[in-house]
Protein chains: 4
Amino acid sequence: MAFQVAVCGPRYCTDADQANAYQVGQLLGERRAVVICGCGIGVMAAVAAGVRSRDGFVVGIRPGDSRAGASPDLSVTLVTNMGEARNAIIVWSADAVIAIGGSWGTLSEIALAKRRGGIPVVSLGGWQLLDQSGQPVEGIQYVGTPEEAVTFALNGGA
Amino acid sequence: MAFQVAVCGPRYCTDADQANAYQVGQLLGERRAVVICGCGIGVMAAVAAGVRSRDGFVVGIRPGDSRAGASPDLSVTLVTNMGEARNAIIVWSADAVIAIGGSWGTLSEIALAKRRGGIPVVSLGGWQLLDQSGQPVEGIQYVGTPEEAVTFALNGGA
Amino acid sequence: MAFQVAVCGPRYCTDADQANAYQVGQLLGERRAVVICGCGIGVMAAVAAGVRSRDGFVVGIRPGDSRAGASPDLSVTLVTNMGEARNAIIVWSADAVIAIGGSWGTLSEIALAKRRGGIPVVSLGGWQLLDQSGQPVEGIQYVGTPEEAVTFALNGGA
Amino acid sequence: MAFQVAVCGPRYCTDADQANAYQVGQLLGERRAVVICGCGIGVMAAVAAGVRSRDGFVVGIRPGDSRAGASPDLSVTLVTNMGEARNAIIVWSADAVIAIGGSWGTLSEIALAKRRGGIPVVSLGGWQLLDQSGQPVEGIQYVGTPEEAVTFALNGGA
């Protein structure tokens, strides 16, 4: 059974996020992980392109009701017609989650993955969380490079 | 973009259903359609095995919260944790639906596919529907063989 | 804990369906059952109006992403943004299901309720099902009047 | 059409969270808002009890597949069988969201509400978010008392 990695990130992302997403996709493709993404623009399109550049396999999980306009880099596209509730499916299907950049949708995926528990969650260039005392909330691995993100994800957080 | 065909059917199926499902899987695999199934036993496992025997591609959409016990024939497994609501995802993701055998779950997939509309829905060995006047309900193509089912599905109902 | 009854039926229904739905709503309202419906037009609007005419309580479960246009007869409206996957929520929330009239959406609700099992499912003026041998599929109580439908639903199928 | 307020918070909450939740429930009940909650223990149970103490109306949206064990304070209980994907339904159904305390599930509800947009989101005693530059992420109203939370929510963020 292939290792499945969800890669999440904003539709409207920075150039750095986009470059990171493409490189994360390349690394996961090279290592034959199946990549699961949200099937939109920005980080989602960049990671799909990266995976495809290495002949890897990438699944898109669409929030809307059709495949129209989906990236041609996707190996297969699932249509949920469930809006952002599809974020729950993305993280439940994953053995590890890599979040690239910060947005509300991305944050919901991190939160749903941590709520589920039991899988590594990595953040590359994303938002940070402070608890009620102003201390960092534990449970997210913050990394600085695509290589670190992929290594942490594939090692199961070990 | 690959043509995506949902193949639905009972967990507890007849021997004929199982043989039909395996053969439908083979035919779809040979013709390079992506197959989407519900990731359970019975018809679902048989169609996955058929696809795999032809090195085809088959996606399983699980109702539960884990991939444990999923068929090794599946190319990729999505975990919805949404119970039978995942039936809606199966049919929304499909360019055609083939139902093999009869059960309540299978009927829900036929009904959701027809409620969505716009794609061919084929029934091989399944239940029949009569309207309030006792007349057959239109909109389902009843066929007698796996070859007919696949031909109708791939031709878009034409 | 109040008894919760799902009432399902077509958007585009017959006059008889509409009259039946209104009367089923009245009877359930009088008997203080909570009614759950799909929050659309046709049977869904008629049952809500019937419940309200008896100062009963009726919940609408919307498939779309807003409450705009929801019937003013609804006591509360839940917005799922999940399309017809909301049908699964309607039947999971119910202690009994009454289907009035025939349509694909209505059939999906009957099928999902039977797939779940354990609750009475009543059909008033709906489609009929035949199995592979041409025999009626068991498990749905076909009734002829709103009074019979409500009595069967509230008695738990007994 | 009644104003609908989602109140979210941890299962395992502090005493302060619990007291805040009860008081928020009382205030919303007095002002005749419909309260929507996640139907669990902790903050969810406390807000339901607060609403009920004022004869208000409170809807529970369950993640599991049954109503067994649901709080008797709930006016009506919807069963989604969709796990934490039900968080999307809670926020889509709301005209305003009040989050009390911090947890991953609560964070997912805040994030999904902001991803949807267009409604006020209030945090009482919850986590804080910093963007990539270490600056607070805008869009959440942090308040110090139940009264402030309810006032902000009911005024539509104005």
# chains A, B, ... in the order shown; residues from 1 in each chain; ligands from 1
$ select_by_dssp --residues "chain A" --states "helix (DSSP H, G or I)" --output "PyMOL selection string"
chain A and resi 15-30+43-53+83-92+104-116+146-154
$ residues_around --residues "Ile119 in chain D" --least-positions-apart "2" --cutoff "10 Å" --atoms "only C-alpha atoms" --output "ChimeraX atom specification"
/D:91-92,94-97,113-114,116-117,121-122,153,156-157
$ closest_residue --among "B:Ala149, B:Ile140, B:Ala46, B:Val51" --to "Asp15 in chain B" --atoms "only C-alpha atoms"
B:Ala46
$ atom_distance --atom1 "CA of Ile90 in chain B" --atom2 "CA of Gly60 in chain B"
9.0 Å
$ interface_residues --of "chain D" --to "chain C" --cutoff "10 Å" --atoms "only C-alpha atoms" --output "JSON, numbers by chain"
{"D": [1, 2, 3, 4, 34, 35, 36, 57, 58, 59, 61, 62, 64, 65, 66, 67, 70, 71, 72, 73, 74, 75, 76, 77, 78, 79, 80, 81, 82, 86, 87, 88, 89, 90, 91, 92, 93, 94, 95, 116]}
$ select_by_dssp --residues "chain D" --states "strand (DSSP E or B)" --output "ChimeraX atom specification"
/D:4-8,34-37,57-62,76-79,96-100,121-124,128-130,136,141-143
$ write_last_selection --atoms "N, CA, C and O atoms" --output "CSV table (one decimal), in the first residue's frame"
chain,number,residue,atom,x,y,z
D,4,GLN,N,-29.1,32.6,13.9
D,4,GLN,CA,-28.5,31.4,14.3
D,4,GLN,C,-27.0,31.6,14.7
D,4,GLN,O,-26.2,32.0,13.9
D,5,VAL,N,-26.6,31.2,15.9
D,5,VAL,CA,-25.3,31.4,16.4
D,5,VAL,C,-24.6,30.1,16.7
D,5,VAL,O,-25.2,29.3,17.5
D,6,ALA,N,-23.5,29.8,16.1
D,6,ALA,CA,-22.7,28.6,16.4
D,6,ALA,C,-21.8,28.9,17.6
D,6,ALA,O,-21.2,29.9,17.6
D,7,VAL,N,-21.8,28.0,18.6
D,7,VAL,CA,-20.9,28.1,19.7
D,7,VAL,C,-20.1,26.9,19.7
D,7,VAL,O,-20.6,25.7,19.8
D,8,CYS,N,-18.7,27.1,19.6
D,8,CYS,CA,-17.8,26.0,19.5
D,8,CYS,C,-16.8,26.0,20.7
D,8,CYS,O,-16.5,27.1,21.2
D,34,VAL,N,-31.2,31.2,18.0
D,34,VAL,CA,-31.0,29.7,17.9
D,34,VAL,C,-29.6,29.4,18.0
D,34,VAL,O,-28.7,30.0,17.3
D,35,VAL,N,-29.2,28.5,18.9
D,35,VAL,CA,-27.8,28.1,19.1
D,35,VAL,C,-27.5,26.8,18.4
D,35,VAL,O,-28.3,25.9,18.5
D,36,ILE,N,-26.4,26.7,17.8
D,36,ILE,CA,-26.0,25.5,17.1
D,36,ILE,C,-24.7,25.1,17.7
D,36,ILE,O,-23.7,25.9,17.9
D,37,CYS,N,-24.6,23.8,18.2
D,37,CYS,CA,-23.4,23.3,18.8
D,37,CYS,C,-23.1,21.9,18.3
D,37,CYS,O,-23.8,21.3,17.6
D,57,PHE,N,-33.5,27.8,22.4
D,57,PHE,CA,-33.5,26.7,21.4
D,57,PHE,C,-32.1,26.4,21.0
D,57,PHE,O,-31.4,27.3,20.6
D,58,VAL,N,-31.7,25.1,21.1
D,58,VAL,CA,-30.4,24.7,20.8
D,58,VAL,C,-30.3,23.4,20.0
D,58,VAL,O,-30.9,22.4,20.4
D,59,VAL,N,-29.6,23.4,18.9
D,59,VAL,CA,-29.5,22.3,18.0
D,59,VAL,C,-28.1,21.7,18.2
D,59,VAL,O,-27.1,22.4,18.2
D,60,GLY,N,-28.1,20.4,18.3
D,60,GLY,CA,-26.8,19.7,18.4
D,60,GLY,C,-26.5,18.9,17.1
D,60,GLY,O,-27.4,18.3,16.5
D,61,ILE,N,-25.3,19.1,16.6
D,61,ILE,CA,-24.9,18.4,15.3
D,61,ILE,C,-23.8,17.4,15.7
D,61,ILE,O,-22.7,17.7,15.9
D,62,ARG,N,-24.3,16.1,15.7
D,62,ARG,CA,-23.4,15.0,16.1
D,62,ARG,C,-22.5,14.5,15.0
D,62,ARG,O,-22.9,14.3,13.9
D,76,VAL,N,-33.1,19.7,19.6
D,76,VAL,CA,-33.1,18.8,18.5
D,76,VAL,C,-31.7,18.4,18.2
D,76,VAL,O,-30.7,19.1,18.4
D,77,THR,N,-31.5,17.1,17.7
D,77,THR,CA,-30.2,16.6,17.5
D,77,THR,C,-30.1,16.1,16.1
D,77,THR,O,-31.0,15.2,15.7
D,78,LEU,N,-29.2,16.6,15.3
D,78,LEU,CA,-29.0,16.0,14.0
D,78,LEU,C,-27.8,15.1,14.0
D,78,LEU,O,-26.7,15.4,14.6
D,79,VAL,N,-27.9,14.0,13.3
D,79,VAL,CA,-26.8,13.0,13.3
D,79,VAL,C,-26.2,13.0,11.9
D,79,VAL,O,-26.9,12.6,10.9
D,96,ALA,N,-23.3,33.8,12.9
D,96,ALA,CA,-22.1,34.3,13.7
D,96,ALA,C,-21.6,33.1,14.4
D,96,ALA,O,-22.3,32.1,14.7
D,97,VAL,N,-20.3,33.1,14.7
D,97,VAL,CA,-19.6,32.0,15.4
D,97,VAL,C,-18.9,32.5,16.6
D,97,VAL,O,-18.2,33.5,16.6
D,98,ILE,N,-19.2,31.9,17.8
D,98,ILE,CA,-18.4,32.2,19.0
D,98,ILE,C,-17.6,31.0,19.4
D,98,ILE,O,-18.2,29.9,19.6
D,99,ALA,N,-16.3,31.1,19.5
D,99,ALA,CA,-15.4,30.1,19.9
D,99,ALA,C,-15.0,30.3,21.4
D,99,ALA,O,-14.5,31.4,21.7
D,100,ILE,N,-15.1,29.3,22.2
D,100,ILE,CA,-14.7,29.5,23.6
D,100,ILE,C,-13.7,28.4,24.0
D,100,ILE,O,-13.9,27.2,23.9
D,121,VAL,N,-16.7,36.3,13.6
D,121,VAL,CA,-16.1,35.2,14.3
D,121,VAL,C,-15.4,35.7,15.6
D,121,VAL,O,-14.6,36.6,15.5
D,122,VAL,N,-15.9,35.3,16.8
D,122,VAL,CA,-15.5,35.8,18.0
D,122,VAL,C,-14.8,34.7,18.8
D,122,VAL,O,-15.2,33.6,18.8
D,123,SER,N,-13.7,35.1,19.5
D,123,SER,CA,-12.9,34.1,20.3
D,123,SER,C,-12.9,34.6,21.7
D,123,SER,O,-12.4,35.7,22.0
D,124,LEU,N,-13.3,33.7,22.6
D,124,LEU,CA,-13.3,34.0,24.1
D,124,LEU,C,-12.4,33.0,24.7
D,124,LEU,O,-12.7,31.9,24.9
D,128,GLN,N,-4.3,32.0,19.7
D,128,GLN,CA,-4.1,33.2,18.9
D,128,GLN,C,-3.2,32.8,17.7
D,128,GLN,O,-2.5,31.8,17.7
D,129,LEU,N,-3.4,33.5,16.6
D,129,LEU,CA,-2.7,33.2,15.4
D,129,LEU,C,-1.7,34.3,14.9
D,129,LEU,O,-2.1,35.4,15.0
D,130,LEU,N,-0.5,33.8,14.6
D,130,LEU,CA,0.5,34.8,14.0
D,130,LEU,C,0.8,34.4,12.6
D,130,LEU,O,0.9,33.2,12.3
D,136,PRO,N,-0.1,39.3,14.3
D,136,PRO,CA,-1.4,38.7,14.5
D,136,PRO,C,-2.2,38.6,13.1
D,136,PRO,O,-2.3,39.6,12.4
D,141,GLN,N,-12.3,38.4,16.3
D,141,GLN,CA,-12.5,39.4,17.3
D,141,GLN,C,-12.3,38.7,18.7
D,141,GLN,O,-13.0,37.8,19.1
D,142,TYR,N,-11.2,39.1,19.3
D,142,TYR,CA,-10.9,38.5,20.6
D,142,TYR,C,-11.6,39.3,21.7
D,142,TYR,O,-11.5,40.6,21.7
D,143,VAL,N,-12.4,38.7,22.6
D,143,VAL,CA,-13.1,39.4,23.6
D,143,VAL,C,-12.8,38.7,25.0
D,143,VAL,O,-12.2,37.6,25.0
$ atom_distance --atom1 "CA of Thr145 in chain A" --atom2 "CA of Val47 in chain A"
14.4 Å
$ atom_distance --atom1 "CA of Arg52 in chain D" --atom2 "CA of Thr106 in chain D"
22.3 Å
$ closest_residue --among "D:Thr151, D:Ser53, D:Gln26, D:Ser103" --to "Gly125 in chain D" --atoms "only C-alpha atoms"
D:Ser103
$ closest_residue --among "A:Ala49, A:Ala85, A:Glu148, A:Asp131" --to "Leu107 in chain D" --atoms "only C-alpha atoms"
A:Asp131
$ residues_around --residues "Gly50 in chain B" --least-positions-apart "4" --cutoff "8 Å" --atoms "only C-alpha atoms" --output "ChimeraX atom specification"
/B:21-26,29,46,54
$ write_last_selection --atoms "all heavy atoms" --output "PDB file, in the first residue's frame"
ATOM      1  N   ALA B  21     -18.555  -8.524 -12.008  1.00  0.00           N
ATOM      2  CA  ALA B  21     -17.753  -7.390 -11.544  1.00  0.00           C
ATOM      3  C   ALA B  21     -16.292  -7.550 -11.952  1.00  0.00           C
ATOM      4  O   ALA B  21     -15.640  -6.593 -12.391  1.00  0.00           O
ATOM      5  CB  ALA B  21     -17.863  -7.256 -10.026  1.00  0.00           C
ATOM      6  N   TYR B  22     -15.787  -8.764 -11.813  1.00  0.00           N
ATOM      7  CA  TYR B  22     -14.391  -9.004 -12.196  1.00  0.00           C
ATOM      8  C   TYR B  22     -14.188  -8.717 -13.677  1.00  0.00           C
ATOM      9  O   TYR B  22     -13.227  -8.044 -14.073  1.00  0.00           O
ATOM     10  CB  TYR B  22     -14.005 -10.444 -11.869  1.00  0.00           C
ATOM     11  CG  TYR B  22     -12.534 -10.733 -12.058  1.00  0.00           C
ATOM     12  CD1 TYR B  22     -11.610 -10.389 -11.073  1.00  0.00           C
ATOM     13  CD2 TYR B  22     -12.067 -11.336 -13.226  1.00  0.00           C
ATOM     14  CE1 TYR B  22     -10.248 -10.652 -11.244  1.00  0.00           C
ATOM     15  CE2 TYR B  22     -10.720 -11.599 -13.403  1.00  0.00           C
ATOM     16  CZ  TYR B  22      -9.809 -11.251 -12.408  1.00  0.00           C
ATOM     17  OH  TYR B  22      -8.470 -11.498 -12.581  1.00  0.00           O
ATOM     18  N   GLN B  23     -15.152  -9.167 -14.480  1.00  0.00           N
ATOM     19  CA  GLN B  23     -15.007  -8.986 -15.929  1.00  0.00           C
ATOM     20  C   GLN B  23     -15.174  -7.514 -16.330  1.00  0.00           C
ATOM     21  O   GLN B  23     -14.460  -7.017 -17.213  1.00  0.00           O
ATOM     22  CB  GLN B  23     -16.026  -9.876 -16.650  1.00  0.00           C
ATOM     23  CG  GLN B  23     -15.610 -10.179 -18.085  1.00  0.00           C
ATOM     24  CD  GLN B  23     -16.576 -11.126 -18.787  1.00  0.00           C
ATOM     25  OE1 GLN B  23     -17.293 -11.900 -18.134  1.00  0.00           O
ATOM     26  NE2 GLN B  23     -16.601 -11.054 -20.106  1.00  0.00           N
ATOM     27  N   VAL B  24     -16.097  -6.823 -15.682  1.00  0.00           N
ATOM     28  CA  VAL B  24     -16.234  -5.379 -15.935  1.00  0.00           C
ATOM     29  C   VAL B  24     -14.918  -4.682 -15.591  1.00  0.00           C
ATOM     30  O   VAL B  24     -14.442  -3.810 -16.338  1.00  0.00           O
ATOM     31  CB  VAL B  24     -17.404  -4.788 -15.116  1.00  0.00           C
ATOM     32  CG1 VAL B  24     -17.309  -3.268 -15.025  1.00  0.00           C
ATOM     33  CG2 VAL B  24     -18.738  -5.199 -15.733  1.00  0.00           C
ATOM     34  N   GLY B  25     -14.303  -5.071 -14.495  1.00  0.00           N
ATOM     35  CA  GLY B  25     -13.010  -4.490 -14.118  1.00  0.00           C
ATOM     36  C   GLY B  25     -11.942  -4.737 -15.175  1.00  0.00           C
ATOM     37  O   GLY B  25     -11.190  -3.828 -15.533  1.00  0.00           O
ATOM     38  N   GLN B  26     -11.912  -5.949 -15.681  1.00  0.00           N
ATOM     39  CA  GLN B  26     -10.931  -6.274 -16.729  1.00  0.00           C
ATOM     40  C   GLN B  26     -11.127  -5.400 -17.964  1.00  0.00           C
ATOM     41  O   GLN B  26     -10.175  -4.844 -18.515  1.00  0.00           O
ATOM     42  CB  GLN B  26     -11.054  -7.750 -17.117  1.00  0.00           C
ATOM     43  CG  GLN B  26     -10.520  -8.703 -16.055  1.00  0.00           C
ATOM     44  CD  GLN B  26     -10.531 -10.145 -16.534  1.00  0.00           C
ATOM     45  OE1 GLN B  26     -11.534 -10.610 -17.072  1.00  0.00           O
ATOM     46  NE2 GLN B  26      -9.421 -10.842 -16.336  1.00  0.00           N
ATOM     47  N   GLY B  29     -10.171  -1.837 -17.292  1.00  0.00           N
ATOM     48  CA  GLY B  29      -8.716  -1.737 -17.193  1.00  0.00           C
ATOM     49  C   GLY B  29      -8.053  -1.773 -18.560  1.00  0.00           C
ATOM     50  O   GLY B  29      -7.162  -0.969 -18.860  1.00  0.00           O
ATOM     51  N   ALA B  46     -14.202  -7.401  -6.188  1.00  0.00           N
ATOM     52  CA  ALA B  46     -14.054  -8.129  -7.455  1.00  0.00           C
ATOM     53  C   ALA B  46     -13.706  -7.185  -8.602  1.00  0.00           C
ATOM     54  O   ALA B  46     -12.869  -7.503  -9.447  1.00  0.00           O
ATOM     55  CB  ALA B  46     -15.341  -8.902  -7.769  1.00  0.00           C
ATOM     56  N   ARG B  54      -5.412  -6.273 -15.232  1.00  0.00           N
ATOM     57  CA  ARG B  54      -5.078  -5.663 -16.529  1.00  0.00           C
ATOM     58  C   ARG B  54      -4.182  -4.433 -16.320  1.00  0.00           C
ATOM     59  O   ARG B  54      -4.060  -3.590 -17.216  1.00  0.00           O
ATOM     60  CB  ARG B  54      -6.356  -5.242 -17.258  1.00  0.00           C
ATOM     61  CG  ARG B  54      -7.214  -6.415 -17.715  1.00  0.00           C
ATOM     62  CD  ARG B  54      -6.460  -7.322 -18.681  1.00  0.00           C
ATOM     63  NE  ARG B  54      -7.313  -8.358 -19.261  1.00  0.00           N
ATOM     64  CZ  ARG B  54      -7.370  -9.613 -18.799  1.00  0.00           C
ATOM     65  NH1 ARG B  54      -6.648  -9.987 -17.763  1.00  0.00           N
ATOM     66  NH2 ARG B  54      -8.139 -10.493 -19.404  1.00  0.00           N
TER      67      ARG B  54
END
$ closest_residue --among "B:Gly56, B:Arg11, B:Ala16, B:Ala68" --to "Gly40 in chain B" --atoms "only C-alpha atoms"
B:Arg11
$ residues_around --residues "Tyr12 in chain D" --least-positions-apart "2" --cutoff "9 Å" --atoms "only C-alpha atoms" --output "list in words"
Gly9, Pro10, Thr14, Ile41, Gly42, Val43 and Ser103 of chain D
$ write_last_selection --atoms "all heavy atoms" --output "compact mmCIF listing (two decimals), in the first residue's frame"
# COMPACT_ATOMS: atom_id res chain seq x y z
N GLY D 9 -16.28 24.84 21.00
CA GLY D 9 -15.26 24.80 22.04
C GLY D 9 -14.90 23.36 22.37
O GLY D 9 -15.56 22.42 21.92
N PRO D 10 -13.85 23.19 23.16
CA PRO D 10 -13.28 21.87 23.44
C PRO D 10 -14.19 20.96 24.25
O PRO D 10 -14.96 21.41 25.09
CB PRO D 10 -12.04 22.20 24.27
CG PRO D 10 -11.74 23.64 24.04
CD PRO D 10 -13.06 24.28 23.75
N THR D 14 -11.37 24.03 30.25
CA THR D 14 -11.09 24.54 31.59
C THR D 14 -12.40 24.90 32.29
O THR D 14 -13.45 25.03 31.65
CB THR D 14 -10.22 25.81 31.51
OG1 THR D 14 -10.99 26.84 30.89
CG2 THR D 14 -8.95 25.57 30.70
N ILE D 41 -19.37 16.86 24.92
CA ILE D 41 -19.22 17.25 26.31
C ILE D 41 -18.48 18.60 26.39
O ILE D 41 -18.29 19.26 25.39
CB ILE D 41 -18.48 16.15 27.10
CG1 ILE D 41 -17.09 15.90 26.50
CG2 ILE D 41 -19.30 14.87 27.10
CD1 ILE D 41 -16.23 14.93 27.30
N GLY D 42 -18.11 19.00 27.59
CA GLY D 42 -17.31 20.21 27.77
C GLY D 42 -18.07 21.47 27.39
O GLY D 42 -19.21 21.67 27.82
N VAL D 43 -17.45 22.32 26.57
CA VAL D 43 -18.08 23.58 26.15
C VAL D 43 -19.43 23.32 25.48
O VAL D 43 -20.40 24.06 25.68
CB VAL D 43 -17.13 24.36 25.22
CG1 VAL D 43 -17.90 25.40 24.39
CG2 VAL D 43 -16.03 25.03 26.04
N SER D 103 -8.71 24.39 21.11
CA SER D 103 -8.46 22.98 20.80
C SER D 103 -8.37 22.88 19.28
O SER D 103 -8.74 23.81 18.56
CB SER D 103 -9.58 22.08 21.32
OG SER D 103 -10.77 22.26 20.56
$ decode --residues "range 6-24 of chain C" --atoms "N, CA and C atoms" --output "PDB file, in the first residue's frame"
ATOM      1  N   ALA C   6     -38.182  11.941   9.558  1.00  0.00           N
ATOM      2  CA  ALA C   6     -37.819  12.550   8.277  1.00  0.00           C
ATOM      3  C   ALA C   6     -38.969  12.381   7.297  1.00  0.00           C
ATOM      4  N   VAL C   7     -39.331  13.458   6.624  1.00  0.00           N
ATOM      5  CA  VAL C   7     -40.329  13.382   5.566  1.00  0.00           C
ATOM      6  C   VAL C   7     -39.668  13.833   4.263  1.00  0.00           C
ATOM      7  N   CYS C   8     -39.658  12.917   3.291  1.00  0.00           N
ATOM      8  CA  CYS C   8     -38.940  13.138   2.033  1.00  0.00           C
ATOM      9  C   CYS C   8     -39.918  13.132   0.873  1.00  0.00           C
ATOM     10  N   GLY C   9     -39.548  13.823  -0.186  1.00  0.00           N
ATOM     11  CA  GLY C   9     -40.373  13.780  -1.384  1.00  0.00           C
ATOM     12  C   GLY C   9     -39.882  14.759  -2.419  1.00  0.00           C
ATOM     13  N   PRO C  10     -40.443  14.662  -3.620  1.00  0.00           N
ATOM     14  CA  PRO C  10     -39.957  15.429  -4.776  1.00  0.00           C
ATOM     15  C   PRO C  10     -40.177  16.941  -4.663  1.00  0.00           C
ATOM     16  N   ARG C  11     -39.264  17.661  -5.286  1.00  0.00           N
ATOM     17  CA  ARG C  11     -39.460  19.093  -5.528  1.00  0.00           C
ATOM     18  C   ARG C  11     -40.649  19.308  -6.455  1.00  0.00           C
ATOM     19  N   TYR C  12     -40.683  18.498  -7.514  1.00  0.00           N
ATOM     20  CA  TYR C  12     -41.735  18.653  -8.514  1.00  0.00           C
ATOM     21  C   TYR C  12     -42.716  17.510  -8.315  1.00  0.00           C
ATOM     22  N   CYS C  13     -43.738  17.759  -7.520  1.00  0.00           N
ATOM     23  CA  CYS C  13     -44.625  16.678  -7.085  1.00  0.00           C
ATOM     24  C   CYS C  13     -46.031  16.873  -7.642  1.00  0.00           C
ATOM     25  N   THR C  14     -46.832  15.857  -7.505  1.00  0.00           N
ATOM     26  CA  THR C  14     -48.233  15.936  -7.926  1.00  0.00           C
ATOM     27  C   THR C  14     -49.045  16.693  -6.869  1.00  0.00           C
ATOM     28  N   ASP C  15     -50.248  17.082  -7.255  1.00  0.00           N
ATOM     29  CA  ASP C  15     -51.148  17.732  -6.294  1.00  0.00           C
ATOM     30  C   ASP C  15     -51.466  16.794  -5.134  1.00  0.00           C
ATOM     31  N   ALA C  16     -51.612  15.513  -5.456  1.00  0.00           N
ATOM     32  CA  ALA C  16     -51.918  14.540  -4.401  1.00  0.00           C
ATOM     33  C   ALA C  16     -50.750  14.425  -3.423  1.00  0.00           C
ATOM     34  N   ASP C  17     -49.522  14.388  -3.945  1.00  0.00           N
ATOM     35  CA  ASP C  17     -48.347  14.342  -3.069  1.00  0.00           C
ATOM     36  C   ASP C  17     -48.330  15.565  -2.135  1.00  0.00           C
ATOM     37  N   GLN C  18     -48.626  16.717  -2.723  1.00  0.00           N
ATOM     38  CA  GLN C  18     -48.559  17.950  -1.937  1.00  0.00           C
ATOM     39  C   GLN C  18     -49.609  17.936  -0.816  1.00  0.00           C
ATOM     40  N   ALA C  19     -50.802  17.495  -1.141  1.00  0.00           N
ATOM     41  CA  ALA C  19     -51.859  17.415  -0.124  1.00  0.00           C
ATOM     42  C   ALA C  19     -51.500  16.383   0.943  1.00  0.00           C
ATOM     43  N   ASN C  20     -50.944  15.266   0.512  1.00  0.00           N
ATOM     44  CA  ASN C  20     -50.525  14.242   1.479  1.00  0.00           C
ATOM     45  C   ASN C  20     -49.432  14.775   2.405  1.00  0.00           C
ATOM     46  N   ALA C  21     -48.479  15.494   1.826  1.00  0.00           N
ATOM     47  CA  ALA C  21     -47.371  16.015   2.623  1.00  0.00           C
ATOM     48  C   ALA C  21     -47.869  17.014   3.668  1.00  0.00           C
ATOM     49  N   TYR C  22     -48.794  17.866   3.253  1.00  0.00           N
ATOM     50  CA  TYR C  22     -49.335  18.852   4.202  1.00  0.00           C
ATOM     51  C   TYR C  22     -50.039  18.141   5.360  1.00  0.00           C
ATOM     52  N   GLN C  23     -50.791  17.107   5.024  1.00  0.00           N
ATOM     53  CA  GLN C  23     -51.537  16.397   6.071  1.00  0.00           C
ATOM     54  C   GLN C  23     -50.601  15.586   6.978  1.00  0.00           C
ATOM     55  N   VAL C  24     -49.575  14.972   6.389  1.00  0.00           N
ATOM     56  CA  VAL C  24     -48.577  14.280   7.217  1.00  0.00           C
ATOM     57  C   VAL C  24     -47.922  15.280   8.175  1.00  0.00           C
TER      58      VAL C  24
END
